[in-house]
$ cat coords.cif   # mmCIF, C-alpha atoms and all ligand atoms
data_run
loop_
_atom_site.label_atom_id
_atom_site.label_comp_id
_atom_site.auth_asym_id
_atom_site.auth_seq_id
_atom_site.Cartn_x
_atom_site.Cartn_y
_atom_site.Cartn_z
CA MET M 1 133.39 94.91 113.65
CA ARG M 2 133.85 97.59 111.02
CA GLY M 3 131.79 98.82 108.13
CA HIS M 4 131.72 101.16 105.18
CA VAL M 5 129.28 102.43 102.55
CA GLU M 6 129.88 101.32 98.97
CA LYS M 7 128.19 102.44 95.75
CA LYS M 8 127.20 99.93 93.07
CA GLY M 9 125.29 101.24 90.08
CA ASP M 10 123.03 103.97 91.42
CA ARG M 11 122.54 102.43 94.84
CA TYR M 12 124.39 102.46 98.15
CA TYR M 13 125.18 99.41 100.24
CA VAL M 14 126.52 98.93 103.74
CA VAL M 15 129.38 96.44 103.86
CA VAL M 16 130.01 95.02 107.31
CA ASP M 17 133.44 93.44 107.77
CA HIS M 18 133.38 90.50 110.16
CA GLY M 19 137.11 89.76 109.83
CA GLU M 20 138.53 86.27 109.41
CA GLN M 21 135.94 83.52 109.88
CA PRO M 22 135.93 79.75 109.22
CA PHE M 23 134.30 78.91 105.89
CA ARG M 24 133.60 75.47 104.45
CA SER M 25 133.62 75.76 100.68
CA CYS M 26 131.98 73.43 98.17
CA PRO M 27 134.45 71.20 96.26
CA THR M 28 132.29 71.14 93.09
CA PRO M 29 133.81 73.28 90.30
CA LYS M 30 131.74 76.41 89.55
CA CYS M 31 129.36 75.75 92.47
CA ARG M 32 129.72 78.77 94.72
CA GLY M 33 128.02 77.08 97.64
CA GLY M 34 129.44 76.72 101.12
CA GLN M 35 128.74 77.60 104.71
CA TRP M 36 130.25 79.85 107.35
CA THR M 37 130.85 77.44 110.19
CA HIS M 38 133.63 75.95 112.29
CA GLN M 39 131.55 72.81 112.77
CA ALA M 40 133.39 69.61 111.80
CA GLY M 41 131.78 66.51 110.28
CA GLU M 42 129.83 66.03 107.10
CA ILE M 43 127.78 68.99 105.91
CA SER M 44 126.16 68.91 102.45
CA CYS M 45 126.24 71.82 100.02
CA GLU M 46 122.79 73.43 99.82
CA LYS M 47 123.15 73.85 96.07
CA CYS M 48 124.68 70.60 94.82
CA SER M 49 124.65 68.24 97.85
CA ALA M 50 128.42 67.60 97.71
CA ILE M 51 130.16 67.26 101.08
CA LEU M 52 131.78 70.57 102.01
CA CYS M 53 135.55 70.92 102.49
CA ALA M 54 137.14 71.36 105.92
CA PRO M 55 136.83 74.83 107.48
CA ALA M 56 139.36 77.38 106.22
CA SER M 57 139.81 80.96 107.32
CA ARG M 58 138.32 83.55 105.01
CA ARG M 59 137.53 87.24 105.34
CA ARG M 60 133.80 87.65 105.72
CA ARG M 61 132.04 90.74 104.42
CA ILE M 62 128.27 90.98 104.51
CA TRP M 63 126.36 93.34 102.24
CA HIS M 64 123.24 95.09 103.45
CA GLY M 65 120.80 97.20 101.50
CA SER M 66 120.38 98.85 99.19
CA TRP M 67 119.47 102.53 99.42
CA LEU M 68 119.18 105.33 96.90
CA LYS M 69 120.68 107.92 99.24
CA LYS M 70 124.09 107.69 100.79
CA GLY M 71 122.84 109.28 104.00
CA ALA M 72 120.27 106.51 104.49
CA ALA M 73 122.97 103.87 104.04
CA SER M 74 125.24 105.69 106.53
CA ASP M 75 122.41 105.82 109.08
CA GLU M 76 121.87 102.10 108.65
CA MET M 77 125.58 101.42 109.07
CA THR M 78 125.58 103.32 112.37
CA ARG M 79 122.60 101.28 113.50
CA LEU M 80 124.11 97.94 112.42
CA LEU M 81 127.46 98.60 114.09
CA GLY M 82 125.63 99.74 117.23
CA ASN M 83 123.63 96.50 117.18
CA ALA M 84 126.84 94.54 116.76
CA GLN M 85 128.28 96.15 119.89
CA ARG M 86 125.16 95.20 121.81
CA GLY M 87 125.26 91.68 120.37
CA SER M 88 122.00 92.01 118.39
CA TYR M 89 123.36 92.16 114.86
CA VAL M 90 121.19 90.18 112.39
CA GLU M 91 122.58 88.93 109.11
CA PRO M 92 120.36 90.19 106.30
CA ALA M 93 120.12 86.94 104.37
CA LYS M 94 118.65 85.04 107.29
CA LEU M 95 115.44 87.04 107.35
CA THR M 96 112.59 85.72 105.20
CA LEU M 97 109.82 87.92 103.86
CA SER M 98 107.36 86.41 106.37
CA GLU M 99 109.64 87.12 109.32
CA TRP M 100 110.29 90.64 108.13
CA VAL M 101 106.61 91.43 107.51
CA GLU M 102 105.37 89.91 110.77
CA LYS M 103 108.16 90.96 113.12
CA ARG M 104 109.34 94.26 111.71
CA TRP M 105 107.25 95.87 109.04
CA LEU M 106 103.72 95.44 110.42
CA PRO M 107 104.60 96.26 114.05
CA GLY M 108 106.57 99.32 112.97
CA LEU M 109 103.97 100.90 110.65
CA SER M 110 102.66 104.25 111.79
CA VAL M 111 99.11 103.81 110.46
CA ARG M 112 95.70 103.36 112.00
CA GLU M 113 95.02 99.96 113.54
CA SER M 114 92.33 99.24 110.91
CA THR M 115 94.83 99.94 108.10
CA ARG M 116 97.46 97.73 109.68
CA HIS M 117 94.85 95.00 110.04
CA SER M 118 93.92 95.30 106.38
CA TYR M 119 97.57 95.15 105.22
CA ALA M 120 98.17 92.13 107.43
CA ARG M 121 95.11 90.31 106.12
CA ASN M 122 95.94 90.98 102.47
CA LEU M 123 99.58 90.00 102.82
CA ARG M 124 98.76 86.81 104.73
CA THR M 125 96.09 85.86 102.21
CA HIS M 126 97.83 86.68 98.92
CA ALA M 127 101.55 87.28 99.21
CA LEU M 128 102.97 85.35 102.15
CA PRO M 129 101.66 81.91 101.12
CA ARG M 130 103.63 82.32 97.87
CA LEU M 131 106.58 84.46 98.86
CA GLY M 132 106.83 84.21 102.64
CA SER M 133 109.75 81.79 102.68
CA VAL M 134 111.83 83.82 100.20
CA GLN M 135 114.85 85.49 101.77
CA LEU M 136 114.60 89.26 101.62
CA GLN M 137 117.70 89.72 99.54
CA GLN M 138 116.46 87.28 96.91
CA LEU M 139 113.18 89.05 96.23
CA THR M 140 112.86 90.18 92.61
CA PRO M 141 110.94 93.17 91.20
CA SER M 142 108.17 90.87 89.96
CA ASP M 143 107.90 89.35 93.46
CA LEU M 144 107.46 92.88 94.80
CA ASN M 145 104.80 93.53 92.20
CA THR M 146 102.85 90.56 93.57
CA LEU M 147 103.23 91.98 97.05
CA TYR M 148 102.13 95.39 95.88
CA ARG M 149 99.00 94.01 94.23
CA SER M 150 98.14 92.12 97.39
CA LEU M 151 97.92 95.42 99.25
CA GLY M 152 95.14 96.80 97.07
CA SER M 153 93.81 96.15 93.61
CA ASP M 154 93.56 99.85 92.70
CA GLY M 155 97.06 100.62 93.91
CA ASN M 156 95.98 103.37 96.29
CA LYS M 157 97.05 101.47 99.34
CA GLY M 158 100.45 100.94 97.80
CA HIS M 159 100.93 104.66 97.42
CA ARG M 160 99.73 105.28 100.91
CA MET M 161 102.21 102.72 102.14
CA ALA M 162 105.01 104.53 100.36
CA ARG M 163 103.99 107.81 101.98
CA ASP M 164 103.98 106.20 105.39
CA CYS M 165 107.69 105.59 105.02
CA ARG M 166 109.48 108.80 105.82
CA PRO M 167 111.04 110.21 102.65
CA GLY M 168 114.75 109.83 102.25
CA ARG M 169 115.17 107.58 105.22
CA SER M 170 115.05 104.05 103.98
CA ALA M 171 112.40 103.52 101.37
CA THR M 172 113.44 100.93 98.82
CA SER M 173 112.14 101.60 95.34
CA THR M 174 112.18 99.25 92.45
CA ARG M 175 110.47 99.23 89.10
CA SER M 176 108.15 96.31 88.61
CA SER M 177 107.94 94.26 85.44
CA ALA M 178 104.72 96.13 84.59
CA GLY M 179 106.66 99.40 84.71
CA ARG M 180 105.05 100.60 87.91
CA SER M 181 107.21 101.87 90.69
CA VAL M 182 107.00 99.75 93.82
CA THR M 183 108.09 101.19 97.12
CA LEU M 184 108.55 99.20 100.29
CA CYS M 185 110.23 100.46 103.38
CA SER M 186 113.39 98.50 104.07
CA ARG M 187 113.04 98.79 107.82
CA THR M 188 110.51 99.79 110.40
CA CYS M 189 109.89 103.48 110.02
ZN ZN T 201 128.00 72.86 95.79
#
$ encode --input "coords.cif" --output "structure tokens" --more "lines below"
Ligand SMILES: [Zn+2]
Amino acid sequence: MRGHVEKKGDRYYVVVDHGEQPFRSCPTPKCRGGQWTHQAGEISCEKCSAILCAPASRRRRIWHGSWLKKGAASDEMTRLLGNAQRGSYVEPAKLTLSEWVEKRWLPGLSVRESTRHSYARNLRTHALPRLGSVQLQQLTPSDLNTLYRSLGSDGNKGHRMARDCRPGRSATSTRSSAGRSVTLCSRTC
């Protein structure tokens, strides 16, 4: 498996090239649905319910990220390709917010146990019931604003959270609809 860093707008992405893979495309015009699988038989399109075409070989590239600094993206690429060699590569789109919060973000936080407990409680009470099933890559800035508010009504905890992520490594910043900057770490830090 190979990879490279690509810039889009002002952000950097890691593109992992998985080579030729069987893809079953959706026959409906303009529907861009489909599934990467070699499985035969009837499979419905997730978007329009049409029966997908037979598998055909297609080059598969998966985008990860994004990061503001090229170095952070390069570090992540090294990690992803290393994982791939060890057989533990995880496709980004498969992780939901709940899975990411529970399995990666909370366990990886370097904060006091009481702080971690408070983040966990607030997220589970306010954000995860609404957003937990959203795939990470589909989260919007306003979704993140909801998350941010759930961590503390005065915003202090949000800032503390941002500081807990080591600067320049992998913090993901986005501007919320209210104009506030929201920072969440994109991996355990
Ligand atoms: Zn479709």
$ residues_near_ligand --input "coords.cif" --ligand "ligand ZN 201 (chain T)" --cutoff "12 Å" --atoms "only C-alpha atoms and all ligand atoms" --output "VMD selection string"
chain M and resid 24 to 35 43 to 53
$ atom_distance --input "coords.cif" --atom1 "atom CA of M:Val134" --atom2 "atom CA of M:Arg61"
21.8 Å
$ atom_distance --input "coords.cif" --atom1 "atom CA of M:His18" --atom2 "atom CA of M:Met77"
13.5 Å
$ closest_residue --input "coords.cif" --among "M:Asn145, M:Thr140, M:Thr37, M:Ser74" --to "M:Arg60" --atoms "all atoms listed in the file"
M:Thr37
$ atom_distance --input "coords.cif" --atom1 "atom CA of M:Leu95" --atom2 "atom CA of M:Ser150"
20.6 Å
$ closest_residue --input "coords.cif" --among "M:Val111, M:Trp105, M:Gly41, M:His64" --to "M:Asp17" --atoms "all atoms listed in the file"
M:His64
$ residues_near_point --input "coords.cif" --point "(127.9, 92.5, 102.2)" --cutoff "7 Å" --atoms "only C-alpha atoms" --output "ChimeraX atom specification"
/M:14-16,61-64
$ closest_residue --input "coords.cif" --among "M:Trp67, M:Phe23, M:Tyr119, M:Tyr148" --to "M:Arg11" --atoms "only C-alpha atoms"
M:Trp67
